[in-house]
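Chemist: This is the structure I want to talk about, given as structure tokens.
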Amino acid sequence: MNLANIISQLNIDNNSNFVYKLDPRTKFLFTFVYTVLLMIMKELLIQIFILISLIPILIAGKLVKSILKSIYAMSFIFFFIILLNTLVISFNFALIICIRFLNIIIVFSILFRTTNPDDLTQALAKMGIPFSLSFGISLAFRFVPTLAKEVEFILESQKSRGYDIKVKGLISQIKNIFPIIIPLIFNAYQRAYYVAESLETRSFGVKNIKRTYLYPIKMKNWDYFMVVIYLLIFISGLLIHFQILESPTWLYYQIPF
Amino acid sequence: MNIPILIKVENLSFIYESELKNAKIDPSIFENRKKNLNQIILEEQKSILDKLKVLKNINLQIYGRKFIAILGSTGSGKSTLVRTFNGLIPHFYNGIFYGIVNVHEKDTIEESVSELSLNVGLVFQNPENQLVMMNVEREIAFGLENRGTDREIIKQKVKDILNLLNIEHLKNKHPYELSGGEQQKVAIASILIIEPKVIILDEPTAGLDQKSALKIIEFLKKLNKELGITVIIIEHRLGMLLPYCDELILMKDGEILDYDSVEKILNKNLIYSLPIELPYYIQFLKYLKDIGIYKGEITSNFEIFKRIVYEIIPTIKIGENKIKLKRNNFIEDKLKFEGIELKNVSFCYPNGVMAIKNISLKISKGECIGIIGKNGAGKSTLLKLLNGLLYPTEGTVLIDGIPTNKYKSSELTQKVGLIFQNPERQLFCNSVEEEIEFSLKNLRLSPQDFNKWKYEIIEQLNLKNLLKKSPFSLSGGEKKKVSLATILCRKPDYILLDEPTVGQDKIEKEILQNIIKEEKERGKTIIIVSHDTDFIYSNTEKVIILEDGEILAQGSTESVLKDFILLDKTSILPPQMVQLIEIMKESLKGKSNDILDQLSFIRDFNSLKNILIQ
């Protein structure tokens, strides 16, 4: 992935559509519900149902294209998951693992690609995590392109003194990382000091003051509606899983090979 | 009007904790005794500690509403001093702190950094490290949000600040999308919103092109005049800054040598003996005074200076010591062209930005060329195209008649050595010696040659004392030297320098200049990319101006950098030397052409001095 791509994905436009406008806390709940369900459900059809239920959100969030792109980029991994699991266990199991993996990618993409990291921080802070901790997340997002650029610069500087990326042999390959990783760590370490200095001079983490926000996040009617829906999904999912609710046998269909 | 004392420093000394550890002194013995350190120091430790002091017994009183510059060579303690004003020292950087710093009648030891920051705003050198949010508007609001200011008030203030700095259009941008100048403006805005009484800037314009830098300085002056904010600035580019300053602080080796108004300091001898790069017009005036031609005061006001030149220069004899005229004769149209040739070269980055647009260019072997242009004009991209870090998307780059993509990349990087601006991006070994060995290792030399080449470069750059040191423990200037060594040891035929003078003080620049001169004498081709037009003017024979990926102008250094009409269209300010000569020429209007002709060929300050000796 090149830099321009990373940046375009970090530039989250606030005022585009329904999914973006949802409160980050609603999206947290969504992520939580789906992650738990995906982990406990071992049935092929249920995984497929979950996948189908995610598609409307993808369309509403205009994420279809970028998701397809990342699936394409990871097609290699999918191929191996299917191959290995079919050989070792069964095709049925391989398919379940594969779809589960796909679902998890989609769920987390929805969370991270439609939420401004600054709002994510704010949501975490409002859920009781100290701001100075949750701020780390948005800071990490902020410095992704900067560090990516830094790697590029370091690579160029080393190349111009004869550094060669491609070497043969495992040990030389490991050795070959040092000319890149050491300047990177050193620079990141120094940068951390500068960033901390700058935060310090702007009253970051002052005790006894309640922080305000220029754009406070707020639960709207839509959010409450979605929260109810997710809770319903969650409860019914649990009921099916623990077989409290009688479910039709075709739900447990397995591919026989 | 009675102006109160804003910053008061008494007997301030400071040692960084890391320095103590290096000297194997246990810093814990100083804990909780920040204030009465002298009593517990043993006599033998005292002399060691004295050596480690970054700040030595500083006394200072700064009154409000001033525009102050702190001058001194790198490592003289300027940055450390300003960090004591807002409490970063001793609260953020640990160490031994002795003395009192009072800011706005608050003791910096007792108050926290955030409390002190209400009065003292600090803007750092690299703006990118100061921007921590995902868009500009939130960035500016960050300081107030942390202090729990009401939302509506923040909104209003952000709007006002955006207006004040004329950056409304950047409101929703990611900091990464901004240019260097814009980033620095946003960084200043995010400090200004706290409404400090003092704003301190630690080399705010390093890495900016001249016009962006000038705009920042002009803006600071405006703040100073209209809002009464005290501005304290650390800066190497004095030519630009000095006319705006009220007062100067001179520092050397952790001590304050002098603190006075600009006019008074310029009329004392002290500043001229320090390694500070004063603007040429002031050096010129000082020289006139020293040889007894000029008897008045030395001034930082450029208009007054002009008047002085108009009065004095016509009355003195010029040009009795004839300087040798060196005309550059370019040898072109050789049978076999040796050198760099670009044929209709374009380069487009994967994100669609056209960095280079259809450039054709010939650089023959042995030439020394300067490339100038504003930030983002495509200068660095051009350099990368020459040594094969990038390949043109259209057209061909020929080095000695062979296209770059026909070379093995190891061959090409040896032939064309590119020296980057930031040495910290390539140092990674345990010692300087290993750094040089790493660069030579890839050349597959015989052991004899390997050692020969290694010792040649050590000799040439005088690195003997540094050899066993860790590259990370070196000073900025030394690091630069090592990074030069890592490329020059490979004996490239073409030497490309990307912004070699950024952040370098006068002495370091002179060392660099000598290295370039030596390499030139060996017949190497040198290409320098820089914003420092004076450096380009005194070191190169040809200049290329790039603008938006195209060649706007090229020609001999004199003809291009003296073309005021041309330069006016770009973001390049004419070199100070050129400005000085033009003023002298104007004052001599009507005199014989011979003298004017001679003046035209002056490149550096020493030959200007020679021409004035009667």
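Identifiers for the structure tokens are assigned positionally: chains receive A, B, ... in sequence, residues are indexed from 1 per chain, and ligands are indexed from 1 in the order shown.
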With 12 Å as the cut-off and only C-alpha atoms counted, what is the closest atom pair between each nearby residue of stretch 178-296 of chain B and stretch 187-200 of chain A? Distances in Å to one decimal, ordered by chain and number, as JSON lines.

Modeler:
{"residue": "B:Ala187", "atom": "CA", "partner": "A:Ser198", "partner_atom": "CA", "distance": 9.5}
{"residue": "B:Ile188", "atom": "CA", "partner": "A:Ser198", "partner_atom": "CA", "distance": 11.4}
{"residue": "B:Ser190", "atom": "CA", "partner": "A:Ser198", "partner_atom": "CA", "distance": 10.3}
{"residue": "B:Ile191", "atom": "CA", "partner": "A:Ser198", "partner_atom": "CA", "distance": 9.6}

Chemist: Counting only C-alpha atoms, collect the residues of chain B whose closest atom lies at most 7 Å from chain A, and write them out as a VMD selection string.

Modeler: chain B and resid 113 to 114 117 121 to 122 129 to 130 132 to 134 141 143 145 to 151 154 to 155 174 351 389 410 413 417 to 418 420 424 to 428 439 442 486 to 487

Chemist: Can you pull out the residues contacting B:Glu17? Cut-off 9 Å, using only C-alpha atoms, and skip same-chain residues under 3 positions away; I want them as a list of chain:residue names.

Modeler: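 Surrounding residues, per the criterion: B:Leu20, B:Lys21, B:Asn22, B:Pro27, B:Tyr93, B:Asn94, B:Gly95, B:Ile96.
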
Chemist: Residues within 8 Å of stretch 23-33 of chain A, please, as a PDB file with N, CA and C atoms, in the first residue's frame. Count only C-alpha atoms; anything in the same chain fewer than 3 positions from it doesn't count.

Modeler:
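The resulting file, result-v9.pdb, is reproduced below:
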ATOM      1  N   VAL A  36     -18.015 -11.184  19.434  1.00  0.00           N
ATOM      2  CA  VAL A  36     -18.381 -12.293  20.315  1.00  0.00           C
ATOM      3  C   VAL A  36     -19.133 -13.367  19.538  1.00  0.00           C
ATOM      4  N   LEU A  37     -20.138 -12.939  18.761  1.00  0.00           N
ATOM      5  CA  LEU A  37     -20.923 -13.909  18.001  1.00  0.00           C
ATOM      6  C   LEU A  37     -20.053 -14.701  17.028  1.00  0.00           C
ATOM      7  N   VAL A 107     -15.933  -6.234  10.032  1.00  0.00           N
ATOM      8  CA  VAL A 107     -16.405  -5.556  11.243  1.00  0.00           C
ATOM      9  C   VAL A 107     -15.418  -4.479  11.690  1.00  0.00           C
ATOM     10  N   PHE A 108     -14.130  -4.839  11.722  1.00  0.00           N
ATOM     11  CA  PHE A 108     -13.158  -3.855  12.191  1.00  0.00           C
ATOM     12  C   PHE A 108     -12.926  -2.742  11.178  1.00  0.00           C
ATOM     13  N   LEU A 111     -15.549  -0.211  11.828  1.00  0.00           N
ATOM     14  CA  LEU A 111     -15.242   0.626  12.988  1.00  0.00           C
ATOM     15  C   LEU A 111     -14.178   1.665  12.649  1.00  0.00           C
ATOM     16  N   THR A 115     -14.750   6.028  11.441  1.00  0.00           N
ATOM     17  CA  THR A 115     -14.706   6.822  12.667  1.00  0.00           C
ATOM     18  C   THR A 115     -13.431   7.645  12.695  1.00  0.00           C
ATOM     19  N   ASP A 119     -12.453  11.095  17.487  1.00  0.00           N
ATOM     20  CA  ASP A 119     -13.734  10.751  18.118  1.00  0.00           C
ATOM     21  C   ASP A 119     -13.649   9.432  18.871  1.00  0.00           C
ATOM     22  N   LEU A 120     -12.849   8.531  18.322  1.00  0.00           N
ATOM     23  CA  LEU A 120     -12.629   7.242  18.976  1.00  0.00           C
ATOM     24  C   LEU A 120     -12.036   7.467  20.367  1.00  0.00           C
ATOM     25  N   ALA A 123     -14.620   8.849  22.643  1.00  0.00           N
ATOM     26  CA  ALA A 123     -15.563   7.839  23.095  1.00  0.00           C
ATOM     27  C   ALA A 123     -14.960   7.009  24.221  1.00  0.00           C
ATOM     28  N   ILE A 217     -19.034  14.179  21.041  1.00  0.00           N
ATOM     29  CA  ILE A 217     -19.860  13.141  20.430  1.00  0.00           C
ATOM     30  C   ILE A 217     -21.154  13.039  21.225  1.00  0.00           C
ATOM     31  N   LYS A 218     -22.238  12.667  20.548  1.00  0.00           N
ATOM     32  CA  LYS A 218     -23.538  12.658  21.208  1.00  0.00           C
ATOM     33  C   LYS A 218     -24.373  11.505  20.663  1.00  0.00           C
ATOM     34  N   MET A 219     -25.039  10.786  21.568  1.00  0.00           N
ATOM     35  CA  MET A 219     -25.929   9.710  21.127  1.00  0.00           C
ATOM     36  C   MET A 219     -27.210  10.325  20.589  1.00  0.00           C
ATOM     37  N   LYS A 220     -27.559   9.998  19.331  1.00  0.00           N
ATOM     38  CA  LYS A 220     -28.782  10.528  18.753  1.00  0.00           C
ATOM     39  C   LYS A 220     -29.829   9.415  18.677  1.00  0.00           C
ATOM     40  N   ASP A 223     -28.802   6.344  17.020  1.00  0.00           N
ATOM     41  CA  ASP A 223     -27.885   5.542  17.806  1.00  0.00           C
ATOM     42  C   ASP A 223     -28.640   4.611  18.740  1.00  0.00           C
ATOM     43  N   MET A 226     -30.166   1.786  16.837  1.00  0.00           N
ATOM     44  CA  MET A 226     -29.182   0.775  16.453  1.00  0.00           C
ATOM     45  C   MET A 226     -28.735  -0.047  17.659  1.00  0.00           C
ATOM     46  N   VAL A 227     -28.580   0.621  18.796  1.00  0.00           N
ATOM     47  CA  VAL A 227     -28.166  -0.088  20.016  1.00  0.00           C
ATOM     48  C   VAL A 227     -29.183  -1.176  20.341  1.00  0.00           C
ATOM     49  N   TYR A 230     -28.775  -4.060  17.887  1.00  0.00           N
ATOM     50  CA  TYR A 230     -27.590  -4.881  18.156  1.00  0.00           C
ATOM     51  C   TYR A 230     -27.793  -5.747  19.390  1.00  0.00           C
ATOM     52  N   LEU A 231     -28.444  -5.174  20.406  1.00  0.00           N
ATOM     53  CA  LEU A 231     -28.687  -5.960  21.616  1.00  0.00           C
ATOM     54  C   LEU A 231     -29.597  -7.145  21.296  1.00  0.00           C
ATOM     55  N   ILE A 233     -29.902  -8.650  18.402  1.00  0.00           N
ATOM     56  CA  ILE A 233     -29.088  -9.630  17.671  1.00  0.00           C
ATOM     57  C   ILE A 233     -28.238 -10.438  18.637  1.00  0.00           C
ATOM     58  N   PHE A 234     -27.645  -9.720  19.575  1.00  0.00           N
ATOM     59  CA  PHE A 234     -26.749 -10.353  20.536  1.00  0.00           C
ATOM     60  C   PHE A 234     -27.493 -11.411  21.351  1.00  0.00           C
TER      61      PHE A 234
END

Chemist: Report as number ranges by chain: the residues of stretch 223-360 of chain B with a DSSP assignment of alpha helix (DSSP H), based on the backbone of this structure.

Modeler: B: 238-241, 262-266, 270-273, 280-290, 302-312

Chemist: Determine, counting only C-alpha atoms, which protein, DNA and RNA residues have an atom within 7 Å of an atom of B:Ile419; residues of the same chain fewer than 5 positions away are not included. Present the result as a list in words.

Modeler: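 Non-adjacent residues within range: Leu484, Ile487, Leu496, Leu497 and Asp498 of chain B.
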
Chemist: From a DSSP calculation on the backbone, collect every residue of stretch 253-362 of chain B in strand (DSSP E) and output the set as a list in words.

Modeler: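 Assigned to strand (DSSP E), within stretch 253-362 of chain B: Glu255, Ile256, Leu257, Asp258, Tyr259, Asp260, Ser261, Gly339, Ile340, Glu341, Leu342, Lys343, Asn344, Val345, Ser346, Phe347, Cys348, Met354, Ala355, Ile356, Lys357, Asn358, Ile359, Ser360, Leu361 and Lys362 of chain B.
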
Chemist: Those residues with C-alpha atoms, as a PDB file, in the first residue's frame please?

Modeler:
ATOM      1  CA  GLU B 255      26.930  31.557  29.149  1.00  0.00           C
ATOM      2  CA  ILE B 256      25.265  34.785  28.197  1.00  0.00           C
ATOM      3  CA  LEU B 257      27.951  37.047  26.846  1.00  0.00           C
ATOM      4  CA  ASP B 258      25.791  40.054  26.216  1.00  0.00           C
ATOM      5  CA  TYR B 259      22.191  41.163  26.207  1.00  0.00           C
ATOM      6  CA  ASP B 260      21.406  44.549  24.778  1.00  0.00           C
ATOM      7  CA  SER B 261      19.564  46.395  22.055  1.00  0.00           C
ATOM      8  CA  GLY B 339      28.210  14.201 -17.865  1.00  0.00           C
ATOM      9  CA  ILE B 340      24.565  14.150 -17.032  1.00  0.00           C
ATOM     10  CA  GLU B 341      21.962  14.544 -19.695  1.00  0.00           C
ATOM     11  CA  LEU B 342      18.213  14.648 -19.238  1.00  0.00           C
ATOM     12  CA  LYS B 343      16.044  14.127 -22.300  1.00  0.00           C
ATOM     13  CA  ASN B 344      12.386  15.135 -21.952  1.00  0.00           C
ATOM     14  CA  VAL B 345      12.245  13.708 -18.468  1.00  0.00           C
ATOM     15  CA  SER B 346       8.955  13.591 -16.598  1.00  0.00           C
ATOM     16  CA  PHE B 347       8.233  11.971 -13.298  1.00  0.00           C
ATOM     17  CA  CYS B 348       4.853  11.233 -11.825  1.00  0.00           C
ATOM     18  CA  MET B 354       3.609  15.350 -11.494  1.00  0.00           C
ATOM     19  CA  ALA B 355       6.847  16.289  -9.764  1.00  0.00           C
ATOM     20  CA  ILE B 356       8.952  16.756 -12.893  1.00  0.00           C
ATOM     21  CA  LYS B 357       7.485  17.933 -16.165  1.00  0.00           C
ATOM     22  CA  ASN B 358       9.358  17.396 -19.389  1.00  0.00           C
ATOM     23  CA  ILE B 359      12.797  18.599 -18.382  1.00  0.00           C
ATOM     24  CA  SER B 360      15.731  18.578 -20.770  1.00  0.00           C
ATOM     25  CA  LEU B 361      19.092  19.452 -19.350  1.00  0.00           C
ATOM     26  CA  LYS B 362      22.816  18.973 -19.857  1.00  0.00           C
TER      27      LYS B 362
END

Chemist: Find the residues near A:Phe49: any atom within 12 Å, counting only C-alpha atoms, skip ones fewer than 3 places away on the same chain, and give them as a VMD selection string.

Modeler: chain A and resid 34 37 to 38 41 43 to 46 52 to 55 96 99 to 100 103 233 237 251

Chemist: Atom CA of A:Thr249 and atom CA of A:Ile106 are how many Å apart?

Modeler: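 Between atom CA of A:Thr249 and atom CA of A:Ile106 the gap works out to 28.1 Å.
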
Chemist: For A:Ile81, work out the shell of residues within 9 Å, counting only C-alpha atoms and skipping chain neighbours fewer than 2 positions away, then give it as an NGL selection string.

Modeler: :A and (76-79 or 83-86 or 94-95 or 97-98)

Chemist: Any chance you could export the current selection's N, CA and C atoms as a CSV table (one decimal), in the first residue's frame?

Modeler:
chain,number,residue,atom,x,y,z
A,76,PHE,N,-4.2,-14.4,-1.1
A,76,PHE,CA,-3.1,-15.3,-0.8
A,76,PHE,C,-3.4,-16.0,0.5
A,77,ILE,N,-3.6,-15.2,1.6
A,77,ILE,CA,-3.9,-15.8,2.9
A,77,ILE,C,-5.1,-16.7,2.9
A,78,PHE,N,-6.2,-16.2,2.2
A,78,PHE,CA,-7.4,-16.9,2.2
A,78,PHE,C,-7.2,-18.3,1.5
A,79,PHE,N,-6.4,-18.2,0.5
A,79,PHE,CA,-6.1,-19.5,-0.3
A,79,PHE,C,-5.5,-20.5,0.7
A,83,LEU,N,-6.8,-24.1,1.9
A,83,LEU,CA,-6.0,-25.3,1.5
A,83,LEU,C,-5.5,-26.1,2.7
A,84,LEU,N,-5.0,-25.5,3.7
A,84,LEU,CA,-4.4,-26.2,4.8
A,84,LEU,C,-5.6,-26.9,5.6
A,85,ASN,N,-6.6,-26.1,5.9
A,85,ASN,CA,-7.7,-26.6,6.7
A,85,ASN,C,-8.4,-27.8,6.0
A,86,THR,N,-8.6,-27.7,4.7
A,86,THR,CA,-9.2,-28.8,3.9
A,86,THR,C,-8.3,-30.0,4.0
A,94,ALA,N,-12.8,-25.4,6.8
A,94,ALA,CA,-12.0,-24.4,6.1
A,94,ALA,C,-12.9,-23.2,5.7
A,95,LEU,N,-14.1,-23.6,5.2
A,95,LEU,CA,-15.0,-22.5,4.7
A,95,LEU,C,-15.4,-21.6,5.9
A,97,ILE,N,-13.8,-21.1,8.8
A,97,ILE,CA,-12.7,-20.3,9.2
A,97,ILE,C,-12.6,-19.1,8.3
A,98,CYS,N,-12.7,-19.4,7.0
A,98,CYS,CA,-12.5,-18.4,6.0
A,98,CYS,C,-13.5,-17.2,6.1
